[in-house]
Structures are given as structure tokens and as C-alpha cells.
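Data block for coords.cif (mmCIF, C-alpha atoms):
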```
data_start
#
loop_
_atom_site.label_atom_id
_atom_site.label_comp_id
_atom_site.auth_asym_id
_atom_site.auth_seq_id
_atom_site.Cartn_x
_atom_site.Cartn_y
_atom_site.Cartn_z
CA MET A 16 -181.79 -159.19 -51.79
CA ASP A 17 -184.37 -157.55 -54.04
CA LEU A 18 -187.92 -157.13 -52.70
CA LEU A 19 -189.53 -159.77 -54.95
CA ALA A 20 -187.02 -162.46 -53.93
CA LYS A 21 -187.46 -161.52 -50.27
CA LEU A 22 -191.29 -161.80 -50.53
CA ALA A 23 -191.03 -165.15 -52.29
CA THR A 24 -188.72 -166.50 -49.58
CA GLN A 25 -191.03 -165.26 -46.81
CA SER A 26 -194.12 -166.68 -48.57
CA ARG A 27 -192.46 -170.06 -49.08
CA ARG A 28 -191.59 -170.23 -45.36
CA ALA A 29 -195.06 -169.09 -44.22
CA LEU A 30 -197.02 -171.45 -46.48
CA GLY A 31 -194.72 -174.41 -46.60
CA PRO A 32 -192.95 -175.52 -49.77
CA ALA A 33 -195.70 -177.79 -51.12
CA THR A 34 -198.51 -175.24 -50.74
CA PHE A 35 -196.30 -172.47 -52.15
CA CYS A 36 -195.47 -174.58 -55.25
CA VAL A 37 -199.16 -175.40 -55.86
CA LEU A 38 -200.08 -171.71 -55.65
CA ILE A 39 -197.24 -170.71 -57.99
CA LEU A 40 -198.17 -173.41 -60.54
CA ASN A 41 -201.87 -172.49 -60.46
CA GLY A 42 -201.02 -168.82 -60.87
CA ALA A 43 -198.71 -169.62 -63.78
CA ALA A 44 -201.46 -171.69 -65.46
CA VAL A 45 -203.91 -168.79 -65.20
CA LEU A 46 -201.34 -166.33 -66.53
CA ALA A 47 -200.38 -168.76 -69.30
CA ASP A 48 -203.95 -168.95 -70.64
CA ALA A 49 -203.64 -166.13 -73.11
CA SER A 50 -206.79 -167.25 -74.93
CA ARG A 51 -208.95 -164.49 -76.28
CA LEU A 52 -211.97 -163.90 -78.45
CA GLU A 53 -211.02 -161.78 -81.44
CA VAL A 54 -213.15 -160.02 -84.03
CA ARG A 55 -211.23 -159.07 -87.18
CA ASP A 56 -212.37 -157.32 -90.31
CA ALA A 57 -211.84 -158.53 -93.90
CA GLU A 58 -208.37 -156.91 -93.93
CA ASP A 59 -207.46 -158.82 -90.72
CA GLN A 60 -207.52 -155.64 -88.61
CA LEU A 61 -208.34 -156.34 -84.98
CA LEU A 62 -211.67 -154.76 -84.00
CA VAL A 63 -212.30 -156.42 -80.63
CA ALA A 64 -210.23 -158.60 -78.30
CA LEU A 65 -211.66 -160.05 -75.09
CA PRO A 66 -209.78 -162.29 -72.67
CA MET A 67 -211.41 -165.71 -72.87
CA PRO A 68 -209.75 -168.24 -70.55
CA GLU A 69 -210.86 -171.86 -70.27
CA GLY A 70 -214.48 -172.16 -69.11
CA GLU A 71 -215.44 -168.57 -69.92
CA ARG A 72 -218.78 -167.78 -71.64
CA TRP A 73 -219.94 -165.09 -74.06
CA CYS A 74 -222.92 -164.44 -76.32
CA LEU A 75 -223.51 -162.87 -79.70
CA GLU A 76 -226.74 -160.89 -79.50
CA TRP A 77 -228.66 -159.07 -82.21
CA ASN A 78 -232.08 -157.66 -83.06
CA HIS A 79 -233.98 -159.79 -85.58
CA SER A 80 -234.00 -157.88 -88.89
CA VAL A 81 -237.76 -158.31 -89.42
CA THR A 82 -239.38 -158.37 -85.98
CA GLY A 83 -236.71 -156.53 -83.96
CA ILE A 84 -236.75 -159.18 -81.19
CA ARG A 85 -233.47 -159.81 -79.36
CA VAL A 86 -231.79 -163.12 -80.25
CA GLN A 87 -228.73 -164.64 -78.55
CA ASP A 88 -226.29 -167.40 -79.41
CA CYS A 89 -224.16 -168.28 -76.38
CA TYR A 90 -220.75 -169.91 -76.48
CA ARG A 91 -218.18 -171.27 -74.06
CA HIS A 92 -214.45 -171.93 -74.21
CA ILE A 93 -214.17 -175.66 -73.44
CA GLN A 94 -210.75 -177.34 -73.66
CA GLY A 95 -209.48 -174.97 -76.33
CA LYS A 96 -212.68 -175.12 -78.40
CA MET A 97 -215.40 -172.56 -79.16
CA VAL A 98 -218.62 -174.41 -78.33
CA LEU A 99 -222.17 -173.19 -79.07
CA GLU A 100 -223.98 -174.07 -75.83
CA ARG A 101 -227.40 -172.46 -76.14
CA SER A 102 -229.57 -169.99 -78.03
CA HIS A 103 -232.33 -167.65 -76.87
CA GLN A 104 -235.20 -166.94 -79.26
CA PRO A 105 -238.14 -164.95 -77.94
CA ASP A 106 -240.33 -165.81 -80.94
CA PHE A 107 -240.63 -168.16 -83.91
CA ALA A 108 -239.70 -165.39 -86.36
CA ALA A 109 -238.28 -166.00 -89.84
CA GLY A 110 -235.06 -168.01 -89.73
CA LEU A 111 -235.47 -168.97 -86.08
CA GLY A 112 -236.68 -172.15 -84.43
CA HIS A 113 -235.63 -175.36 -82.81
CA VAL A 114 -234.34 -178.17 -85.00
CA PRO A 115 -235.26 -181.55 -83.49
CA GLY A 116 -232.14 -183.45 -82.41
CA ARG A 117 -230.14 -180.24 -81.89
CA GLY A 118 -230.45 -179.39 -78.22
CA ARG A 119 -233.74 -179.17 -76.38
CA GLN A 120 -236.29 -176.37 -76.39
CA VAL A 121 -237.41 -174.98 -73.02
CA SER A 122 -239.61 -172.02 -72.13
CA ASP A 123 -237.93 -168.83 -70.98
CA GLY A 124 -241.03 -168.05 -68.90
CA GLN A 125 -241.73 -164.90 -70.91
CA GLY A 126 -243.25 -166.28 -74.09
CA GLY A 127 -239.94 -167.15 -75.75
CA TYR A 128 -237.63 -170.11 -75.42
CA TRP A 129 -234.08 -171.27 -74.94
CA ILE A 130 -232.54 -174.04 -76.97
CA GLU A 131 -230.33 -175.68 -74.34
CA ASP A 132 -227.63 -178.34 -74.60
CA ILE A 133 -226.70 -177.62 -78.21
CA ASP A 134 -223.03 -178.24 -77.34
CA GLU A 135 -221.69 -177.94 -80.90
CA PRO A 136 -218.00 -177.16 -81.41
CA VAL A 137 -217.50 -174.41 -83.99
CA ALA A 138 -215.26 -175.63 -86.83
CA GLY A 139 -211.81 -174.07 -86.62
CA ASN A 140 -212.89 -172.02 -83.56
CA ARG A 141 -214.10 -169.30 -85.89
CA TYR A 142 -216.95 -168.20 -88.08
CA HIS A 143 -217.70 -165.35 -90.44
CA LEU A 144 -220.47 -162.85 -89.84
CA ARG A 145 -221.91 -160.11 -92.02
CA VAL A 146 -222.43 -157.45 -89.35
CA GLY A 147 -225.86 -155.88 -89.41
CA SER A 148 -226.82 -152.21 -89.43
CA LYS A 149 -227.26 -150.25 -86.22
CA LYS A 150 -230.92 -151.38 -86.25
CA VAL A 151 -229.79 -155.02 -86.08
CA ASP A 152 -226.91 -154.07 -83.75
CA HIS A 153 -224.82 -157.23 -83.54
CA ARG A 154 -223.07 -157.14 -80.17
CA LEU A 155 -220.91 -159.31 -77.96
CA LEU A 156 -221.97 -159.87 -74.35
CA HIS A 157 -219.20 -160.76 -71.93
CA GLU A 158 -218.91 -160.24 -68.19
CA GLY A 159 -221.99 -158.01 -68.12
CA ARG A 160 -220.71 -155.69 -70.88
CA ARG A 161 -222.03 -155.22 -74.42
CA THR A 162 -219.66 -154.43 -77.28
CA SER A 163 -221.45 -153.32 -80.45
CA LEU A 164 -219.95 -154.80 -83.60
CA SER A 165 -222.39 -152.74 -85.67
CA GLU A 166 -220.77 -149.53 -84.38
CA LYS A 167 -217.39 -150.81 -85.58
CA ALA A 168 -218.22 -152.67 -88.81
CA ALA A 169 -221.85 -152.36 -89.97
CA GLY A 170 -222.34 -154.04 -93.35
CA GLU A 171 -218.88 -155.62 -93.27
CA ARG A 172 -217.77 -159.24 -93.08
CA VAL A 173 -215.88 -160.05 -89.89
CA THR A 174 -214.36 -163.18 -88.42
CA ILE A 175 -215.12 -164.10 -84.82
CA HIS A 176 -212.33 -166.35 -83.57
CA LEU A 177 -211.46 -167.98 -80.27
CA ARG A 178 -207.69 -167.75 -80.39
CA THR A 179 -205.89 -170.09 -77.97
CA PRO A 180 -202.13 -170.29 -77.36
CA ASP A 181 -201.94 -173.50 -79.40
CA SER A 182 -204.14 -172.30 -82.30
CA THR A 183 -202.77 -171.25 -85.64
CA PRO A 184 -203.46 -167.72 -86.93
#
```
Take the structure from the file and write it as C-alpha cells.
Amino acid sequence: MDLLAKLATQSRRALGPATFCVLILNGAAVLADASRLEVRDAEDQLLVALPMPEGERWCLEWNHSVTGIRVQDCYRHIQGKMVLERSHQPDFAAGLGHVPGRGRQVSDGQGGYWIEDIDEPVAGNRYHLRVGSKKVDHRLLHEGRRTSLSEKAAGERVTIHLRTPDSTP
């Protein structure tokens, strides 16, 4: 008997058949969620790929081109959809601000504000972005890591796409 089959038999006996089946099915569901956030350039070349299972969050962060303040738009994978949840804006600089009826504005406690509860699905789970210069430094934040898009594609048009197993290319 090969080692994997032997371990499976022992685990099934130790846990009981019902518990073992639940664990196997849950593990299979996690492994089956091959969803990922992709950034592709205009020629469809993959620049960034981040695993993005159901419920996972990420942000696009950049420095405002005029004031240099750090701005964030934060998203979440909800039931196969890319959803804009919230936005952080430390100032009312050009192009920024809360639009009444689109989320609610709350203080960040440091002179800026969050726009919470935006909860807008992104059409087609993707959007296009003209990546800013290194000064603007568009970057993805995920699991405590920053990935600079400006280092990879400054001045270029990219597509940011939540690709799920059931989505079309």
C-alpha cells in the first residue's frame, strides 16, 4: 500500500468517516478556489498575479499627483465579484471627496477620512488603469506586502482583473 493511501486509511479511522469527509471536502473547496487578482499590460502580458480566494481583501494605493498624499481604494472578493468596499483619502485634494449616497464618510482620526460601505461591484471584475510615474507609485497592497505597478509599467495602460474559475478570459 503506498504511503498516501495508508495515511488516508489511518486518518479516516482516527477521525471517523463523517469528520474525515467534511475535512476532505473543505480542503478540496479551498484548493479548488483558484481565483486570483491579475494585472496585465496592453499586450495581455501578465505583470502581477496574487491568489485571491473568496473573502480576501486588497487595496490599490497611490500618491496623489498634485499633493503627494497617499490614497487607497480597497476591494474584496465577494461571491466571485470584485467589490469596492472603502476608500481612504487623507485630504480633499483635486479629484477626491465623498459623493453623497455613495458610502459614508468617517474620520480616520488623523485629519483624513475613510469612505466606508461603498460596496460597489466592479463591472466585469476588471478595470483599466493608466499607471502613474514612480512619483505617483501605484501599488497593490495584499497580506501586508506592497507590489509597485509603477516599477513594472509606469505610463502604461494595464487591466486589473479578479479572475475566478468561472470567469471568462
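If all atoms listed in the file are the atoms counted, then among A:Glu166, A:Asp88, A:Glu171, A:Asp48 the closest residue to Ile133 (chain A) is A:Asp88.
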*Any idea what's packed within 10 Å of region 176-182 of chain A, counting all atoms listed in the file, ignoring anything in its chain fewer than 5 positions away? Could you give it as a list in words?*
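These residues fall inside the cut-off: Ala47, Asp48, Ala49, Ser50, Arg51, Leu52, Glu53, Val54, Arg55, Ala64, Leu65, Pro66, Met67, Pro68, Glu69, Arg91, His92, Gln94, Gly95, Lys96, Met97, Val98, Val137, Gly139, Asn140, Arg141, Tyr142 and His143 of chain A.
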*Which is closest to Arg172 (chain A) among A:Pro105, A:Gly70, A:Arg145, A:Gly124, if we use only C-alpha atoms?*
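When distances to Arg172 (chain A) are compared using only C-alpha atoms, the smallest one comes from A:Arg145.
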*Pull out every residue that the PyMOL selection byres ((chain A and resi 87) around 6) matches in the shown coordinates and put them as a list in words.*
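Selected by the PyMOL selection byres ((chain A and resi 87) around 6) here: Leu75, Glu76, Val86, Asp88, Ser102 and His103 of chain A.
Near Leu144 (chain A), within 8 Å and counting only C-alpha atoms, sit Arg172, Val173, Thr174 and Ile175 of chain A, not including residues fewer than 5 positions from it in the same chain.
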*Of the candidates A:Gln104, A:Gly159, A:Leu61, A:Gly118, which shows the shortest atom-to-atom distance to Ile84 (chain A), using all atoms listed in the file?*
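Distance minimum relative to Ile84 (chain A) lands on A:Gln104.
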*If you measure from CA of Arg160 (chain A) to CA of Asp134 (chain A), what distance in Å do you get, rounded to one decimal?*
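Going from CA of Arg160 (chain A) over to CA of Asp134 (chain A), I get 23.6 Å.
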